[in-house]
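Content type PDB, C-alpha atoms, from the file final-v1.pdb:
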```pdb
ATOM      1  CA  MET A  18       0.000   0.000   0.000  1.00  0.00           C
ATOM      2  CA  THR A  19       1.253   3.473  -0.830  1.00  0.00           C
ATOM      3  CA  VAL A  20       0.267   6.978   0.139  1.00  0.00           C
ATOM      4  CA  GLY A  21       1.517   9.935  -1.855  1.00  0.00           C
ATOM      5  CA  ALA A  22       2.040  13.584  -1.091  1.00  0.00           C
ATOM      6  CA  ASP A  23      -1.422  14.393   0.288  1.00  0.00           C
ATOM      7  CA  SER A  24      -3.150  14.144  -3.088  1.00  0.00           C
ATOM      8  CA  PRO A  25      -3.942  11.539  -5.768  1.00  0.00           C
ATOM      9  CA  GLN A  26      -1.076  10.932  -8.170  1.00  0.00           C
ATOM     10  CA  SER A  27      -1.533  11.863 -11.829  1.00  0.00           C
ATOM     11  CA  TYR A  28      -2.292   9.214 -14.446  1.00  0.00           C
ATOM     12  CA  ILE A  29      -1.877   9.881 -18.158  1.00  0.00           C
ATOM     13  CA  PRO A  30      -3.690   7.624 -20.679  1.00  0.00           C
ATOM     14  CA  SER A  31      -1.437   6.274 -23.396  1.00  0.00           C
ATOM     15  CA  ASP A  32      -3.248   8.296 -26.085  1.00  0.00           C
ATOM     16  CA  LYS A  33      -2.314  11.497 -24.248  1.00  0.00           C
ATOM     17  CA  LEU A  34       1.406  10.763 -24.033  1.00  0.00           C
ATOM     18  CA  LEU A  35       2.150  11.991 -27.551  1.00  0.00           C
ATOM     19  CA  GLU A  36       0.338  15.230 -26.823  1.00  0.00           C
ATOM     20  CA  LYS A  37       2.355  15.723 -23.623  1.00  0.00           C
ATOM     21  CA  TRP A  38       5.814  14.534 -24.716  1.00  0.00           C
ATOM     22  CA  GLY A  39       5.798  15.011 -28.476  1.00  0.00           C
ATOM     23  CA  GLU A  40       8.947  13.701 -30.169  1.00  0.00           C
ATOM     24  CA  HIS A  41      10.276  12.408 -26.840  1.00  0.00           C
ATOM     25  CA  THR A  42       7.342  10.008 -26.335  1.00  0.00           C
ATOM     26  CA  GLY A  43       9.235   6.908 -27.468  1.00  0.00           C
ATOM     27  CA  GLU A  44      12.338   7.761 -25.436  1.00  0.00           C
ATOM     28  CA  TYR A  45      10.421   8.524 -22.243  1.00  0.00           C
ATOM     29  CA  THR A  46       8.144   5.496 -22.577  1.00  0.00           C
ATOM     30  CA  GLU A  47      11.171   3.238 -22.983  1.00  0.00           C
ATOM     31  CA  LYS A  48      12.759   4.686 -19.845  1.00  0.00           C
ATOM     32  CA  ILE A  49       9.567   4.153 -17.837  1.00  0.00           C
ATOM     33  CA  ASN A  50       9.136   0.582 -19.049  1.00  0.00           C
ATOM     34  CA  SER A  51      12.786  -0.163 -18.285  1.00  0.00           C
ATOM     35  CA  ALA A  52      12.436   1.189 -14.748  1.00  0.00           C
ATOM     36  CA  VAL A  53       9.238  -0.806 -14.154  1.00  0.00           C
ATOM     37  CA  ASN A  54      10.734  -4.039 -15.497  1.00  0.00           C
ATOM     38  CA  GLU A  55      13.812  -3.638 -13.280  1.00  0.00           C
ATOM     39  CA  VAL A  56      11.735  -3.688 -10.080  1.00  0.00           C
ATOM     40  CA  LEU A  57       8.894  -5.922 -11.255  1.00  0.00           C
ATOM     41  CA  GLY A  58       8.148  -8.650  -8.736  1.00  0.00           C
ATOM     42  CA  TYR A  59       9.874  -6.967  -5.794  1.00  0.00           C
ATOM     43  CA  THR A  60       8.062  -6.235  -2.538  1.00  0.00           C
ATOM     44  CA  VAL A  61       9.290  -4.166   0.403  1.00  0.00           C
ATOM     45  CA  THR A  62       8.480  -6.021   3.612  1.00  0.00           C
ATOM     46  CA  TYR A  63       8.832  -5.624   7.359  1.00  0.00           C
ATOM     47  CA  GLU A  64       8.684  -8.784   9.449  1.00  0.00           C
ATOM     48  CA  ASP A  65       7.623 -10.679   6.311  1.00  0.00           C
ATOM     49  CA  LYS A  66       4.623  -8.420   5.597  1.00  0.00           C
ATOM     50  CA  PRO A  67       4.250  -5.789   2.846  1.00  0.00           C
ATOM     51  CA  ILE A  68       4.812  -2.314   4.222  1.00  0.00           C
ATOM     52  CA  PHE A  69       2.699   0.825   4.182  1.00  0.00           C
ATOM     53  CA  ALA A  70       4.963   2.505   1.636  1.00  0.00           C
ATOM     54  CA  ALA A  71       4.232   6.180   2.258  1.00  0.00           C
ATOM     55  CA  TYR A  72       6.078   8.699   0.135  1.00  0.00           C
ATOM     56  CA  HIS A  73       6.025  12.431  -0.548  1.00  0.00           C
ATOM     57  CA  ALA A  74       7.459  14.983  -2.951  1.00  0.00           C
ATOM     58  CA  MET A  75      10.087  16.667  -0.770  1.00  0.00           C
ATOM     59  CA  SER A  76      10.896  16.732   2.933  1.00  0.00           C
ATOM     60  CA  GLY A  77      12.231  19.643   4.927  1.00  0.00           C
ATOM     61  CA  GLY A  78      15.653  18.002   4.992  1.00  0.00           C
ATOM     62  CA  LYS A  79      14.568  15.232   7.358  1.00  0.00           C
ATOM     63  CA  THR A  80      11.558  12.972   6.914  1.00  0.00           C
ATOM     64  CA  GLU A  81       8.771  12.846   9.479  1.00  0.00           C
ATOM     65  CA  SER A  82       7.478  10.009  11.629  1.00  0.00           C
ATOM     66  CA  ALA A  83       4.087   8.593  10.682  1.00  0.00           C
ATOM     67  CA  GLU A  84       2.947   8.991  14.277  1.00  0.00           C
ATOM     68  CA  ASN A  85       3.408  12.770  14.135  1.00  0.00           C
ATOM     69  CA  VAL A  86       1.359  13.014  10.945  1.00  0.00           C
ATOM     70  CA  TRP A  87      -1.341  10.335  11.233  1.00  0.00           C
ATOM     71  CA  GLY A  88      -1.216   9.399  14.913  1.00  0.00           C
ATOM     72  CA  LYS A  89      -0.078   5.830  14.247  1.00  0.00           C
ATOM     73  CA  SER A  90       3.482   4.629  14.633  1.00  0.00           C
ATOM     74  CA  TYR A  91       5.228   2.350  12.147  1.00  0.00           C
ATOM     75  CA  PRO A  92       8.730   1.083  13.008  1.00  0.00           C
ATOM     76  CA  TYR A  93       9.897   1.610   9.418  1.00  0.00           C
ATOM     77  CA  LEU A  94       8.391   5.102   8.955  1.00  0.00           C
ATOM     78  CA  GLN A  95      10.803   6.986  11.187  1.00  0.00           C
ATOM     79  CA  PRO A  96      12.710  10.235  10.537  1.00  0.00           C
ATOM     80  CA  VAL A  97      15.840   9.974   8.377  1.00  0.00           C
ATOM     81  CA  ASP A  98      18.016  12.675   6.849  1.00  0.00           C
ATOM     82  CA  SER A  99      17.131  13.625   3.280  1.00  0.00           C
ATOM     83  CA  VAL A 100      19.749  16.223   2.411  1.00  0.00           C
ATOM     84  CA  GLY A 101      19.079  16.226  -1.320  1.00  0.00           C
ATOM     85  CA  ASP A 102      15.746  17.944  -0.711  1.00  0.00           C
ATOM     86  CA  MET A 103      17.468  21.070   0.560  1.00  0.00           C
ATOM     87  CA  LEU A 104      19.267  21.452  -2.776  1.00  0.00           C
ATOM     88  CA  CYS A 105      16.034  21.774  -4.760  1.00  0.00           C
ATOM     89  CA  THR A 106      15.224  25.209  -6.158  1.00  0.00           C
ATOM     90  CA  ASP A 107      11.713  25.181  -4.649  1.00  0.00           C
ATOM     91  CA  TYR A 108      12.701  23.638  -1.328  1.00  0.00           C
ATOM     92  CA  LEU A 109      11.960  26.904   0.495  1.00  0.00           C
ATOM     93  CA  THR A 110       8.847  28.890  -0.393  1.00  0.00           C
ATOM     94  CA  GLU A 111       7.124  31.941   1.077  1.00  0.00           C
ATOM     95  CA  VAL A 112       3.499  33.020   0.984  1.00  0.00           C
ATOM     96  CA  SER A 113       2.119  36.205   2.528  1.00  0.00           C
ATOM     97  CA  PHE A 114      -1.351  37.299   3.626  1.00  0.00           C
ATOM     98  CA  SER A 115      -2.779  40.616   4.659  1.00  0.00           C
ATOM     99  CA  ALA A 116      -4.033  40.736   8.240  1.00  0.00           C
ATOM    100  CA  GLU A 117      -7.599  40.592   6.906  1.00  0.00           C
ATOM    101  CA  ASP A 118      -6.960  37.527   4.721  1.00  0.00           C
ATOM    102  CA  PHE A 119      -4.999  35.835   7.496  1.00  0.00           C
ATOM    103  CA  ALA A 120      -7.922  36.327   9.888  1.00  0.00           C
ATOM    104  CA  ALA A 121     -10.283  34.871   7.277  1.00  0.00           C
ATOM    105  CA  GLY A 122      -8.076  31.783   7.030  1.00  0.00           C
ATOM    106  CA  LEU A 123      -7.895  31.411  10.789  1.00  0.00           C
ATOM    107  CA  ALA A 124     -11.691  31.635  11.023  1.00  0.00           C
ATOM    108  CA  LYS A 125     -11.847  28.222   9.347  1.00  0.00           C
ATOM    109  CA  ILE A 126     -10.220  26.571  12.374  1.00  0.00           C
ATOM    110  CA  CYS A 127     -10.732  28.838  15.411  1.00  0.00           C
ATOM    111  CA  THR A 128     -12.395  31.959  16.763  1.00  0.00           C
ATOM    112  CA  VAL A 129     -10.411  35.041  15.792  1.00  0.00           C
ATOM    113  CA  SER A 130      -9.981  37.679  18.480  1.00  0.00           C
ATOM    114  CA  GLY A 131      -7.575  40.424  19.520  1.00  0.00           C
ATOM    115  CA  GLU A 132      -5.137  42.447  17.460  1.00  0.00           C
ATOM    116  CA  PRO A 133      -3.282  40.872  14.488  1.00  0.00           C
ATOM    117  CA  ALA A 134       0.105  41.149  16.222  1.00  0.00           C
ATOM    118  CA  GLY A 135      -1.217  38.827  18.928  1.00  0.00           C
ATOM    119  CA  TYR A 136      -2.947  36.226  16.748  1.00  0.00           C
ATOM    120  CA  VAL A 137      -0.006  33.795  16.751  1.00  0.00           C
ATOM    121  CA  GLY A 138       1.352  32.549  20.063  1.00  0.00           C
ATOM    122  CA  GLU A 139       3.719  29.719  20.896  1.00  0.00           C
ATOM    123  CA  ILE A 140       4.522  27.229  18.131  1.00  0.00           C
ATOM    124  CA  THR A 141       6.080  23.811  18.751  1.00  0.00           C
ATOM    125  CA  HIS A 142       7.861  21.777  16.073  1.00  0.00           C
ATOM    126  CA  SER A 143       8.842  18.133  15.790  1.00  0.00           C
ATOM    127  CA  ASP A 144      12.517  17.233  15.428  1.00  0.00           C
ATOM    128  CA  SER A 145      11.934  17.132  11.660  1.00  0.00           C
ATOM    129  CA  GLY A 146      10.438  20.627  11.620  1.00  0.00           C
ATOM    130  CA  ARG A 147       6.713  19.894  11.298  1.00  0.00           C
ATOM    131  CA  VAL A 148       4.462  22.199  13.316  1.00  0.00           C
ATOM    132  CA  MET A 149       2.888  19.988  15.931  1.00  0.00           C
ATOM    133  CA  ASN A 150       0.934  22.642  17.824  1.00  0.00           C
ATOM    134  CA  ALA A 151       0.342  26.370  17.569  1.00  0.00           C
ATOM    135  CA  VAL A 152      -1.531  28.681  19.901  1.00  0.00           C
ATOM    136  CA  ILE A 153      -3.744  30.825  17.676  1.00  0.00           C
ATOM    137  CA  CYS A 154      -5.923  33.468  19.331  1.00  0.00           C
ATOM    138  CA  GLY A 155      -5.660  31.407  22.517  1.00  0.00           C
ATOM    139  CA  THR A 156      -6.715  28.157  20.817  1.00  0.00           C
ATOM    140  CA  ASN A 157      -4.474  25.129  20.242  1.00  0.00           C
ATOM    141  CA  VAL A 158      -4.433  24.060  16.589  1.00  0.00           C
ATOM    142  CA  THR A 159      -2.232  21.667  14.641  1.00  0.00           C
ATOM    143  CA  GLY A 160       0.202  22.401  11.868  1.00  0.00           C
ATOM    144  CA  GLY A 161      -1.924  20.264   9.590  1.00  0.00           C
ATOM    145  CA  GLN A 162      -4.949  22.478  10.253  1.00  0.00           C
ATOM    146  CA  LEU A 163      -2.968  25.605   9.427  1.00  0.00           C
ATOM    147  CA  GLN A 164      -1.497  23.969   6.322  1.00  0.00           C
ATOM    148  CA  LYS A 165      -4.981  23.165   5.044  1.00  0.00           C
ATOM    149  CA  ALA A 166      -6.457  26.539   6.000  1.00  0.00           C
ATOM    150  CA  PHE A 167      -3.801  28.429   4.030  1.00  0.00           C
ATOM    151  CA  SER A 168      -3.071  25.825   1.309  1.00  0.00           C
ATOM    152  CA  LEU A 169       0.591  25.561   2.309  1.00  0.00           C
ATOM    153  CA  ARG A 170       2.923  23.100   0.590  1.00  0.00           C
ATOM    154  CA  SER A 171       3.693  21.371   3.898  1.00  0.00           C
ATOM    155  CA  ALA A 172       3.197  21.649   7.660  1.00  0.00           C
ATOM    156  CA  ASN A 173       6.914  22.332   8.074  1.00  0.00           C
ATOM    157  CA  PHE A 174       6.808  26.112   8.382  1.00  0.00           C
ATOM    158  CA  ASP A 175       7.412  29.256  10.385  1.00  0.00           C
ATOM    159  CA  VAL A 176       5.112  32.277  10.397  1.00  0.00           C
ATOM    160  CA  ALA A 177       5.972  35.894  11.127  1.00  0.00           C
ATOM    161  CA  PHE A 178       4.016  39.156  11.333  1.00  0.00           C
ATOM    162  CA  ALA A 179       5.588  42.370  10.035  1.00  0.00           C
ATOM    163  CA  ASP A 180       4.442  45.499   8.198  1.00  0.00           C
ATOM    164  CA  GLY A 181       0.813  44.516   8.534  1.00  0.00           C
ATOM    165  CA  LYS A 182       1.114  41.107   6.890  1.00  0.00           C
ATOM    166  CA  PHE A 183       1.720  37.505   7.874  1.00  0.00           C
ATOM    167  CA  THR A 184       4.363  35.507   6.030  1.00  0.00           C
ATOM    168  CA  PHE A 185       4.716  31.723   6.053  1.00  0.00           C
ATOM    169  CA  THR A 186       8.163  30.327   5.267  1.00  0.00           C
ATOM    170  CA  VAL A 187       7.583  26.728   4.190  1.00  0.00           C
ATOM    171  CA  LYS A 188      10.053  23.871   3.773  1.00  0.00           C
ATOM    172  CA  GLY A 189       9.478  20.909   1.476  1.00  0.00           C
ATOM    173  CA  TYR A 190       6.285  19.663  -0.131  1.00  0.00           C
ATOM    174  CA  GLY A 191       3.897  17.000   1.180  1.00  0.00           C
ATOM    175  CA  HIS A 192       3.348  15.148   4.445  1.00  0.00           C
ATOM    176  CA  GLY A 193       7.028  14.235   4.837  1.00  0.00           C
ATOM    177  CA  VAL A 194       6.547  10.560   5.765  1.00  0.00           C
ATOM    178  CA  GLY A 195       8.513   7.731   4.151  1.00  0.00           C
ATOM    179  CA  MET A 196      10.438   8.169   0.921  1.00  0.00           C
ATOM    180  CA  SER A 197      11.092  11.637  -0.431  1.00  0.00           C
ATOM    181  CA  GLN A 198      10.872  11.608  -4.220  1.00  0.00           C
ATOM    182  CA  GLN A 199      13.350  14.469  -4.565  1.00  0.00           C
ATOM    183  CA  GLY A 200      15.639  12.939  -1.953  1.00  0.00           C
ATOM    184  CA  ALA A 201      15.522   9.563  -3.693  1.00  0.00           C
ATOM    185  CA  ASN A 202      16.347  11.208  -7.019  1.00  0.00           C
ATOM    186  CA  TYR A 203      19.343  12.940  -5.436  1.00  0.00           C
ATOM    187  CA  MET A 204      20.591   9.650  -3.977  1.00  0.00           C
ATOM    188  CA  ALA A 205      20.232   7.983  -7.378  1.00  0.00           C
ATOM    189  CA  LEU A 206      22.279  10.749  -8.994  1.00  0.00           C
ATOM    190  CA  GLN A 207      24.980  10.107  -6.368  1.00  0.00           C
ATOM    191  CA  GLY A 208      25.146   6.478  -7.501  1.00  0.00           C
ATOM    192  CA  ASN A 209      22.894   4.769  -4.952  1.00  0.00           C
ATOM    193  CA  THR A 210      20.875   1.798  -6.201  1.00  0.00           C
ATOM    194  CA  PHE A 211      17.128   1.517  -5.728  1.00  0.00           C
ATOM    195  CA  THR A 212      17.707  -1.129  -3.067  1.00  0.00           C
ATOM    196  CA  GLU A 213      19.946   1.255  -1.123  1.00  0.00           C
ATOM    197  CA  ILE A 214      17.438   4.091  -1.462  1.00  0.00           C
ATOM    198  CA  LEU A 215      14.534   1.967  -0.222  1.00  0.00           C
ATOM    199  CA  ALA A 216      16.612   0.658   2.695  1.00  0.00           C
ATOM    200  CA  TRP A 217      17.454   4.249   3.660  1.00  0.00           C
ATOM    201  CA  TYR A 218      13.918   5.612   3.695  1.00  0.00           C
ATOM    202  CA  TYR A 219      12.135   2.501   5.048  1.00  0.00           C
ATOM    203  CA  THR A 220      14.065   1.684   8.209  1.00  0.00           C
ATOM    204  CA  GLY A 221      14.703  -1.993   8.880  1.00  0.00           C
ATOM    205  CA  CYS A 222      12.789  -3.256   5.845  1.00  0.00           C
ATOM    206  CA  LYS A 223      13.721  -5.976   3.366  1.00  0.00           C
ATOM    207  CA  LEU A 224      13.376  -6.069  -0.399  1.00  0.00           C
ATOM    208  CA  GLU A 225      12.073  -9.444  -1.528  1.00  0.00           C
ATOM    209  CA  LYS A 226      11.417 -10.823  -4.998  1.00  0.00           C
ATOM    210  CA  ALA A 227       8.739 -13.360  -5.764  1.00  0.00           C
ATOM    211  CA  ASP A 228       9.950 -16.721  -7.012  1.00  0.00           C
TER     212      ASP A 228
END
```
As structure tokens, what does this structure read like?
Amino acid sequence: MTVGADSPQSYIPSDKLLEKWGEHTGEYTEKINSAVNEVLGYTVTYEDKPIFAAYHAMSGGKTESAENVWGKSYPYLQPVDSVGDMLCTDYLTEVSFSAEDFAAGLAKICTVSGEPAGYVGEITHSDSGRVMNAVICGTNVTGGQLQKAFSLRSANFDVAFADGKFTFTVKGYGHGVGMSQQGANYMALQGNTFTEILAWYYTGCKLEKAD
């Protein structure tokens, strides 16, 4: 079972490939088929059972534990360093809101009160950087709630108020659990095999091939 970066993954029908890739359609299709055939029949397991193979687009430099995101712990979905993510051009993003728009976003998850400068109180982060809890207008909310309310790329963020506006500084993209797609790509470019990449992101797991 797999879970992607908080949204369904795209599927392109074969008759649309030519429209999307043009003269590169044959080349790209061959690469995809080659990659699929290389791993066909393999299963990632933990204690002889297929794993919950969560993945995401890009971590904040360190992946997140499943327990911090979904409230359930998996021994193989634990934080690991993913340094390649921090080299991506869109690793760090910023999005700003006027005080009025920020209050409108907050109204989706709590009662807004007081002056804008006092809306945001104490924020606690996990070791991987995800916002676990934030005091907003005196109410405890989660990073996930704020991410959804403001359509942020991840719940790994900081927020600051200055010059009448609120600015989120966001790291990575997605829930941060399991394999980072950008991190895996970086490891591959450094010469790591797919078996080494899977072993890195899925702690203590085995790669088995059907007879």
Which residue is closest to Gly160 (chain A)? Choose from A:Lys188, A:Gly195, A:Val86, A:Ala124 and count all atoms listed in the file. A:Val86
Please expand the PyMOL selection byres ((chain A and resi 142) around 10) into the concrete residues it hits in this file, giving the result as a list in words.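 Given this file, the PyMOL selection byres ((chain A and resi 142) around 10) evaluates to Ile140, Thr141, Ser143, Asp144, Ser145, Gly146, Arg147, Val148, Met149, Asn150, Ala151, Gly160, Ala172, Asn173, Phe174 and Asp175 of chain A.
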I need the output of the PyMOL selection byres ((chain A and resi 96) around 12) for this file as a JSON list (two decimals) with C-alpha atoms, in the frame of the given file; which residues are they?
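part.json, freshly written:
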```
[["chain", "number", "residue", "atom", "x", "y", "z"],
["A", 76, "SER", "CA", 10.90, 16.73, 2.93],
["A", 77, "GLY", "CA", 12.23, 19.64, 4.93],
["A", 78, "GLY", "CA", 15.65, 18.00, 4.99],
["A", 79, "LYS", "CA", 14.57, 15.23, 7.36],
["A", 80, "THR", "CA", 11.56, 12.97, 6.91],
["A", 81, "GLU", "CA", 8.77, 12.85, 9.48],
["A", 82, "SER", "CA", 7.48, 10.01, 11.63],
["A", 83, "ALA", "CA", 4.09, 8.59, 10.68],
["A", 84, "GLU", "CA", 2.95, 8.99, 14.28],
["A", 85, "ASN", "CA", 3.41, 12.77, 14.14],
["A", 86, "VAL", "CA", 1.36, 13.01, 10.94],
["A", 90, "SER", "CA", 3.48, 4.63, 14.63],
["A", 91, "TYR", "CA", 5.23, 2.35, 12.15],
["A", 92, "PRO", "CA", 8.73, 1.08, 13.01],
["A", 93, "TYR", "CA", 9.90, 1.61, 9.42],
["A", 94, "LEU", "CA", 8.39, 5.10, 8.96],
["A", 95, "GLN", "CA", 10.80, 6.99, 11.19],
["A", 97, "VAL", "CA", 15.84, 9.97, 8.38],
["A", 98, "ASP", "CA", 18.02, 12.68, 6.85],
["A", 99, "SER", "CA", 17.13, 13.62, 3.28],
["A", 143, "SER", "CA", 8.84, 18.13, 15.79],
["A", 144, "ASP", "CA", 12.52, 17.23, 15.43],
["A", 145, "SER", "CA", 11.93, 17.13, 11.66],
["A", 146, "GLY", "CA", 10.44, 20.63, 11.62],
["A", 147, "ARG", "CA", 6.71, 19.89, 11.30],
["A", 193, "GLY", "CA", 7.03, 14.24, 4.84],
["A", 194, "VAL", "CA", 6.55, 10.56, 5.76],
["A", 195, "GLY", "CA", 8.51, 7.73, 4.15],
["A", 196, "MET", "CA", 10.44, 8.17, 0.92],
["A", 197, "SER", "CA", 11.09, 11.64, -0.43],
["A", 217, "TRP", "CA", 17.45, 4.25, 3.66],
["A", 218, "TYR", "CA", 13.92, 5.61, 3.70],
["A", 219, "TYR", "CA", 12.14, 2.50, 5.05],
["A", 220, "THR", "CA", 14.06, 1.68, 8.21]]
```
Å distance separating CA of Gly161 (chain A) from CA of Leu123 (chain A), one decimal place: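 Separation of CA of Gly161 (chain A) and CA of Leu123 (chain A): 12.7 Å.
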Please enumerate the residues selected by the PyMOL selection byres ((chain A and resi 41-55) around 12) when evaluated against the supplied file, formatted as a list in words.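 Checked against the file, the PyMOL selection byres ((chain A and resi 41-55) around 12) matches Ile29, Ser31, Asp32, Lys33, Leu34, Leu35, Glu36, Lys37, Trp38, Gly39, Glu40, Val56, Leu57, Gly58, Tyr59, Thr210, Phe211, Thr212 and Lys226 of chain A.
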Would you mind reading off the distance between CA of Val152 (chain A) and CA of Ser115 (chain A), one decimal, in Å?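 Calculated distance between CA of Val152 (chain A) and CA of Ser115 (chain A) is 19.4 Å.
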Which distance in Å separates CA of Val61 (chain A) and CA of Leu224 (chain A), to one decimal?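 Between these atoms lies a distance of 4.6 Å.
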Excluding Thr62 (chain A) and any residue of its chain fewer than 4 positions from it, enumerate the residues within 10 Å of it, using all atoms listed in the file, and give them as a PyMOL selection string. chain A and resi 66-70+93+219+221-225
Please define a box with edges along x, y and z of the file around all atoms of region 111-116 of chain A given in the file, extend it by 5 Å on each side, and return its centre and edge lengths in Å to one decimal, as lines of an AutoDock Vina configuration file.
```
center_x = 1.5
center_y = 36.3
center_z = 4.6
size_x = 21.2
size_y = 18.8
size_z = 17.3
```
Name the closest residue to Lys182 (chain A) among the candidates A:Gly138, A:Pro133, A:Gly208, A:Gly122; distances are taken between atoms, counting only C-alpha atoms.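 Closest to Lys182 (chain A) of all the choices is A:Pro133.
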I need every residue sitting at most 12 Å from the point (-7.0, 37.3, 9.1) (coordinates as in the file, all atoms listed in the file considered), written as a PyMOL selection string. chain A and resi 113-137+153-154+166-167+178+181-184
